[in-house]
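*Asks:* Got a structure for you, written out below as structure tokens; questions coming shortly.
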Number of protein chains: 2
Amino acid sequence: MTKQKQQTAFHALRAPIIDLPTQNIADLAKSAFGRDDVIPLWFGEGDMDTPDFIKDAACRALAEGHTFYTFQNGIPELRDALADYLGALHQRPIERQRISVTTGGMGAMLLAIELTVGEGDNVVVVDPVWPNINGAVRIMGGHTRSVPMSLGNDGWQLDLERLKERCDERTRAIFFASPGNPTGWIMPREQQHALLDFARQRGLWLISDEVYSRLAFDRPAAPSFLEIIEPEDRVFVVNSFSKSWSMTGWRMGWLVHPPSLENSIAQVVQYTTSGTTTFLQHAGVAAISKGEDYIRQMTEHCRIGRDIVFDVLEKLPRVRYGARPQGAMYAFFTVEGEPDARKFCAEILHKTGVGLAPGFNFGPGVDDFIRLCFCRSHEQLREAMGRLEEILR
Amino acid sequence: MTKQKQQTAFHALRAPIIDLPTQNIADLAKSAFGRDDVIPLWFGEGDMDTPDFIKDAACRALAEGHTFYTFQNGIPELRDALADYLGALHQRPIERQRISVTTGGMGAMLLAIELTVGEGDNVVVVDPVWPNINGAVRIMGGHTRSVPMSLGNDGWQLDLERLKERCDERTRAIFFASPGNPTGWIMPREQQHALLDFARQRGLWLISDEVYSRLAFDRPAAPSFLEIIEPEDRVFVVNSFSKSWSMTGWRMGWLVHPPSLENSIAQVVQYTTSGTTTFLQHAGVAAISKGEDYIRQMTEHCRIGRDIVFDVLEKLPRVRYGARPQGAMYAFFTVEGEPDARKFCAEILHKTGVGLAPGFNFGPGVDDFIRLCFCRSHEQLREAMGRLEEILR
């Protein structure tokens, strides 16, 4: 024990674990602990509880005794419901063999990474983006290579040539989220085609995070890779019940994958989580098959929230955000004269009680950006924007 | 696409994933699909539904709106309940900082592996054992080195010298389960001390799977490493709600770890599952704080089941099992003249409708063994043993 007395067990962990980034969005939130006037717009989570028809389905399945082990790819009823849902939404047949139920959208992302990324490999990531992809790749011993988008007057733009240059011989996959968190960026159809062509030529995997797919304000769903790929293309589409069905705490999502991967995914699930909670999957069936009215309400709730926020932001001369986002649930903006958003967000919290997330969390080059989640009661958003108006002016 | 036309996407996966073993206990079960007379004793799962007081707590938490993201290490109420429970059970204080809630016992094992095992590393595994540890290590790019126990007249025995010899400079951890699945083996206290001394000297991690801890038939709980370690020892103790609380399909477990790992575990959870379903954790509090009566019933249910099975087995001259197990929920035996249990289990299924698991699933050198799960209604067990008597005689 002499050596261990000097060093804690922490020092005996794998190097990639010791090196995991420890700062995150929650840091600032922790500093507000005990304050009761805070309006929390920092997390990527709405304030709406899961609707009753989904809760009821979970309790019914529990009462019916769906409490035993089940299929690693998910219960057939949920896979079928998802196949029907995705087929109708994207106007293309999607077979059950291409769909696996996962432990949240994060679990779907991790599954894609576990299947494709080993030590020394890399994943090219379109930034700014929700940062968890970096952690997942690092846990597997790989690393990410950032391709920063740029913000113009029409919103965020991805330079595809720059992305291609970032891919090297150890690149295994390209990761992007559309609609994007924090940007609200939606990848245009022609860019999807060009990226797919490039990935096919180079034998690269695409990981398309479409968690905000239904939170598109100008159409029923954002353009999906499911609309343009062949089943055996090396493409993973990540999705989640969290956002559109208000189920963040449920930890349920799904992965669309080539049908030839069905068995490998069952194995990896067996050796990682051993599957998704059985009775919750029955609630997933209710969410998918009876959820369209709720999704419409939810999207409208966010669209109005967006406008409450941007109607104020657009009047503030120091604030810059490009264009009002057409998807997701975030405002992502800079404030002239405030290059250090981490410091500024702390000041905003202290002075106004409004909780915002500093940009450095979402990739390199956006230290001066601030993220605000507008999936929140309109009354709270109005109150928050009233409090913010002076400090952002 | 020309290349992909010849090869499916499967061929573009990581080598360790392509090489994952595809045979498992479920294979034989699949061959019985559609037969309605099968008594399934092949899986490691009882036939008892989760008790109502736990189900009710889940539905109550759901109704109360515990549907949002929560702490990565688990909700404080559950960590505190587990700390109290373990402290009382093992007569040693266990601080909340040492406990993290996980996605089942499998999730706890995987977390321990993710924290410690990288590409080229190895884990020494005491066999025969539930095989999922091998898959978890392979997903991380490592491999396992088997230390087979031997079966004598007093039951299974681990040769500690043989274990020590299997550790080399790339060994990061030693994995074992006590009470063991499929053996029922319980590691004696003096061997725990000797193993801990060795691990401390060599700076190795111990991963102690104590999922069957409460299924001990001659005492309240099997000897736990929690009773002999210091908090910062490099020891993980894996546990689960699955067996003693009849919650297999819930996917909830916990990991006891050095307190200095609390933050690293929060990070890894964030980047893998993002946590355990919030309202289910409230049900976990009910299970832990109000579950002792149920655990006693459950253990007695298994003890009687064990005796129903062994009262028949001990009369069959071809059957050999060493000693009646003092823990877990399995009979693990050979039948003289039947060296290929895979073939024999298929024959047994075909002729009697009793589903048993062939030994090869549980490690090298036990191809002639058969596992039978006795956590089952006593009526079904009697019926099964009646059907088996002739073919095993």
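Going through the structure tokens in order, the chains are called A, B, and so on, while each chain numbers its residues from 1 and the ligands are numbered from 1 in the order shown.
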When DSSP is applied to the backbone of this structure, which of stretch 97-333 of chain B are assigned strand (DSSP E)? Write them out as a ChimeraX atom specification.
*Replies:* /B:99-102,122-127,143-148,150-152,155-157,171-177,205-209,235-240,253-256,319-320,330-333
*Asks:* Grab the residues selected above and save them as a CSV table (one decimal), in the first residue's frame with C-alpha atoms.
*Replies:*
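This went into again-v8.csv:
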```csv
chain,number,residue,atom,x,y,z
B,99,ILE,CA,-21.2,4.2,-5.0
B,100,SER,CA,-22.4,4.9,-8.6
B,101,VAL,CA,-25.7,3.6,-10.1
B,102,THR,CA,-25.3,1.8,-13.4
B,122,ASN,CA,-5.6,-8.1,-20.6
B,123,VAL,CA,-7.9,-9.1,-17.8
B,124,VAL,CA,-7.3,-12.4,-16.0
B,125,VAL,CA,-10.7,-14.2,-15.5
B,126,VAL,CA,-11.5,-16.9,-13.1
B,127,ASP,CA,-13.5,-19.5,-15.1
B,143,HIS,CA,-8.4,-9.7,-24.2
B,144,THR,CA,-9.0,-12.1,-21.3
B,145,ARG,CA,-6.7,-14.8,-19.9
B,146,SER,CA,-8.6,-17.7,-18.4
B,147,VAL,CA,-7.8,-19.3,-15.0
B,148,PRO,CA,-9.9,-22.4,-14.9
B,150,SER,CA,-11.2,-27.4,-10.8
B,151,LEU,CA,-14.1,-29.4,-9.5
B,152,GLY,CA,-13.4,-31.6,-6.5
B,155,GLY,CA,-17.0,-28.2,-4.9
B,156,TRP,CA,-15.0,-25.8,-7.1
B,157,GLN,CA,-11.5,-24.7,-6.1
B,171,THR,CA,-2.6,-7.5,-17.1
B,172,ARG,CA,-4.7,-4.6,-15.7
B,173,ALA,CA,-7.4,-6.4,-13.7
B,174,ILE,CA,-8.5,-9.7,-12.3
B,175,PHE,CA,-12.2,-10.6,-12.7
B,176,PHE,CA,-14.1,-13.2,-10.6
B,177,ALA,CA,-17.7,-13.7,-9.5
B,205,TRP,CA,-7.4,-3.9,-10.2
B,206,LEU,CA,-9.8,-6.4,-8.8
B,207,ILE,CA,-13.3,-6.6,-10.3
B,208,SER,CA,-15.5,-8.6,-7.8
B,209,ASP,CA,-18.8,-9.6,-9.3
B,235,VAL,CA,-11.1,-2.7,-6.2
B,236,PHE,CA,-14.5,-2.5,-8.0
B,237,VAL,CA,-17.4,-4.4,-6.6
B,238,VAL,CA,-20.2,-5.0,-9.1
B,239,ASN,CA,-23.8,-5.5,-8.1
B,240,SER,CA,-27.3,-5.6,-9.5
B,253,GLY,CA,-27.1,-2.1,-10.9
B,254,TRP,CA,-24.4,-0.3,-9.0
B,255,LEU,CA,-20.6,-0.2,-8.8
B,256,VAL,CA,-18.6,0.4,-5.6
B,319,VAL,CA,-24.2,-37.2,-12.7
B,320,ARG,CA,-21.3,-35.4,-11.1
B,330,TYR,CA,-27.5,-22.9,-10.7
B,331,ALA,CA,-26.7,-26.6,-10.8
B,332,PHE,CA,-23.6,-27.2,-12.9
B,333,PHE,CA,-22.9,-30.8,-13.6
```
*Asks:* Go through stretch 336-365 of chain A and collect every residue that DSSP, computed from the backbone, puts in helix (DSSP H, G or I); the answer should be as a ChimeraX atom specification.
*Replies:* /A:341-352,359-362
*Asks:* List as a list in words the protein and nucleic acid residues near stretch 334-346 of chain B, meaning an atom at most 9 Å away when only C-alpha atoms are counted, but skip any in the same chain fewer than 3 places from it.
*Replies:* Leu28, Ser31, Pro317, Arg318, Val319, Arg320, Tyr321, Leu349, His350, Lys351, Val354, Gly355, Leu356, Ala357, Pro358, Gly359, Phe360, Val366, Asp367, Asp368, Phe369, Ile370, Leu392 and Arg393 of chain B
*Asks:* Would you mind exporting the chosen residues as an mmCIF file, in the first residue's frame, restricted to C-alpha atoms?
*Replies:*
```
data_model
loop_
_atom_site.group_PDB
_atom_site.id
_atom_site.type_symbol
_atom_site.label_atom_id
_atom_site.label_comp_id
_atom_site.auth_asym_id
_atom_site.auth_seq_id
_atom_site.Cartn_x
_atom_site.Cartn_y
_atom_site.Cartn_z
ATOM 1 C CA LEU B 28 -30.650 -23.425 -28.219
ATOM 2 C CA SER B 31 -34.510 -23.746 -31.694
ATOM 3 C CA PRO B 317 -25.043 -42.336 -10.807
ATOM 4 C CA ARG B 318 -23.864 -40.751 -14.080
ATOM 5 C CA VAL B 319 -24.245 -37.179 -12.744
ATOM 6 C CA ARG B 320 -21.258 -35.448 -11.110
ATOM 7 C CA TYR B 321 -21.333 -31.976 -9.523
ATOM 8 C CA LEU B 349 -34.557 -30.403 -25.248
ATOM 9 C CA HIS B 350 -35.854 -32.525 -28.090
ATOM 10 C CA LYS B 351 -36.772 -35.515 -25.946
ATOM 11 C CA VAL B 354 -36.396 -29.121 -20.635
ATOM 12 C CA GLY B 355 -34.136 -26.233 -21.658
ATOM 13 C CA LEU B 356 -30.597 -26.427 -20.259
ATOM 14 C CA ALA B 357 -27.461 -24.412 -21.085
ATOM 15 C CA PRO B 358 -24.343 -26.225 -22.368
ATOM 16 C CA GLY B 359 -21.108 -25.530 -20.509
ATOM 17 C CA PHE B 360 -18.973 -24.217 -23.376
ATOM 18 C CA VAL B 366 -16.237 -27.288 -19.433
ATOM 19 C CA ASP B 367 -17.672 -28.514 -22.742
ATOM 20 C CA ASP B 368 -19.084 -31.526 -20.904
ATOM 21 C CA PHE B 369 -20.918 -29.435 -18.266
ATOM 22 C CA ILE B 370 -24.576 -28.463 -18.187
ATOM 23 C CA LEU B 392 -29.676 -38.433 -17.058
ATOM 24 C CA ARG B 393 -29.781 -41.795 -15.338
#
```
*Asks:* Just the residues within 10 Å of B:Cys373, please, counting only C-alpha atoms, with nothing from its chain fewer than 4 positions along; format it as a list in words.
*Replies:* Pro40, Leu41, Trp42, Phe43, Gly44, Glu45, Gly46, Asn181, Pro182, Cys302, Gly305, Arg306, Val309, Ala328, Met329, Tyr330, Ala331, Phe332, Gly355, Leu356, Ala357 and Leu381 of chain B
*Asks:* Quick one: pull the distance between atom CA of B:Thr8 and atom CA of A:Ala199, Å, one decimal.
*Replies:*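 Separation between atom CA of B:Thr8 and atom CA of A:Ala199: 14.9 Å.
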*Asks:* Go through B:Cys167, B:Leu89, B:Val269, B:Ile94 and flag the residue nearest chain A, using only C-alpha atoms for the distances.
*Replies:* B:Val269
*Asks:* Neighbouring residues of B:Gly275 were defined as those with any atom within 12 Å, considering only C-alpha atoms; residues of the same chain fewer than 2 positions away were excluded. Please report them as a PyMOL selection string.
*Replies:* (chain A and resi 103-107+248-252+273) or (chain B and resi 68-75+100-104+107-108+111+251-254+265-273+277-281)
*Asks:* Counting only C-alpha atoms, which of B:Ser178, B:Gln191, B:Gln91, B:Ser260 gets nearest to chain A?
*Replies:* B:Ser260
*Asks:* Excluding same-chain residues fewer than 2 positions from stretch 214-228 of chain B, what lies within 8 Å of it counting only C-alpha atoms, as a list of chain:residue names?
*Replies:*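 Counting only the stated atoms, we get B:Leu89, B:His90, B:Gln91, B:Arg92, B:Ser178, B:Pro179, B:Ile186, B:Met187, B:Pro188, B:Arg189, B:Gln192, B:His193, B:Ser208, B:Glu210, B:Val211, B:Tyr212, B:Glu230, B:Val237, B:Ser244, B:Ile295, B:Thr299, B:Glu300, B:Cys302, B:Arg303, B:Gln326, B:Gly327, B:Ala328, B:Met329.
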*Asks:* Compare B:Pro93, B:Trp185, B:Pro16, B:Asp56 by their minimum atom-to-atom distance to B:Gly120, counting only C-alpha atoms, and give me the closest one.
*Replies:*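 The answer is B:Pro16, which sits nearest to B:Gly120.
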*Asks:* Please identify all polymer residues within 9 Å of B:Arg98, counting only C-alpha atoms, omitting same-chain residues fewer than 5 positions from it, and present them as a PyMOL selection string.
*Replies:* chain B and resi 79+83+231+255-262
*Asks:* Would you write out those residues with C-alpha atoms, as a short mmCIF file (atom, residue, chain, number, x, y, z; two decimals), in the first residue's frame?
*Replies:*
```cif
data_model
loop_
_atom_site.label_atom_id
_atom_site.label_comp_id
_atom_site.auth_asym_id
_atom_site.auth_seq_id
_atom_site.Cartn_x
_atom_site.Cartn_y
_atom_site.Cartn_z
CA ARG B 79 -26.69 6.39 -3.41
CA ALA B 83 -24.53 3.31 1.34
CA PRO B 231 -11.61 2.88 0.19
CA LEU B 255 -20.64 -0.15 -8.78
CA VAL B 256 -18.65 0.38 -5.56
CA HIS B 257 -15.38 2.11 -6.41
CA PRO B 258 -12.63 4.20 -4.80
CA PRO B 259 -13.97 7.66 -3.85
CA SER B 260 -11.29 9.35 -5.98
CA LEU B 261 -13.02 7.91 -9.08
CA GLU B 262 -16.37 9.59 -8.49
#
```
*Asks:* Point out the residue among B:Asn132, B:Asn263, B:Ser377, B:Ser213 with the least atom-to-atom distance to B:Leu86, counting only C-alpha atoms.
*Replies:*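 Among the listed residues, B:Ser213 lies closest to B:Leu86.
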*Asks:* Using only C-alpha atoms, find the one residue out of B:Asp168, B:Asp36, B:Asp233, B:Asp121 that sits nearest to chain A.
*Replies:*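 Residue with the minimum atom-to-atom distance to chain A: B:Asp233.
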*Asks:* One decimal, Å: what's the distance from atom CA of A:Arg138 over to atom CA of B:Thr276, could you say?
*Replies:*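 Straight-line distance from atom CA of A:Arg138 to atom CA of B:Thr276 works out to 21.4 Å.
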*Asks:* Please, what distance in Å, to one decimal, runs between atom CA of B:Arg96 and atom CA of B:Ala81?
*Replies:* 8.8 Å
*Asks:* Find the residue from A:Ala26, A:Gly353, A:Cys375, A:Val38 that sits nearest to A:Gln297; use only C-alpha atoms when measuring.
*Replies:*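 Checking each candidate against A:Gln297, we get A:Cys375 as the closest.
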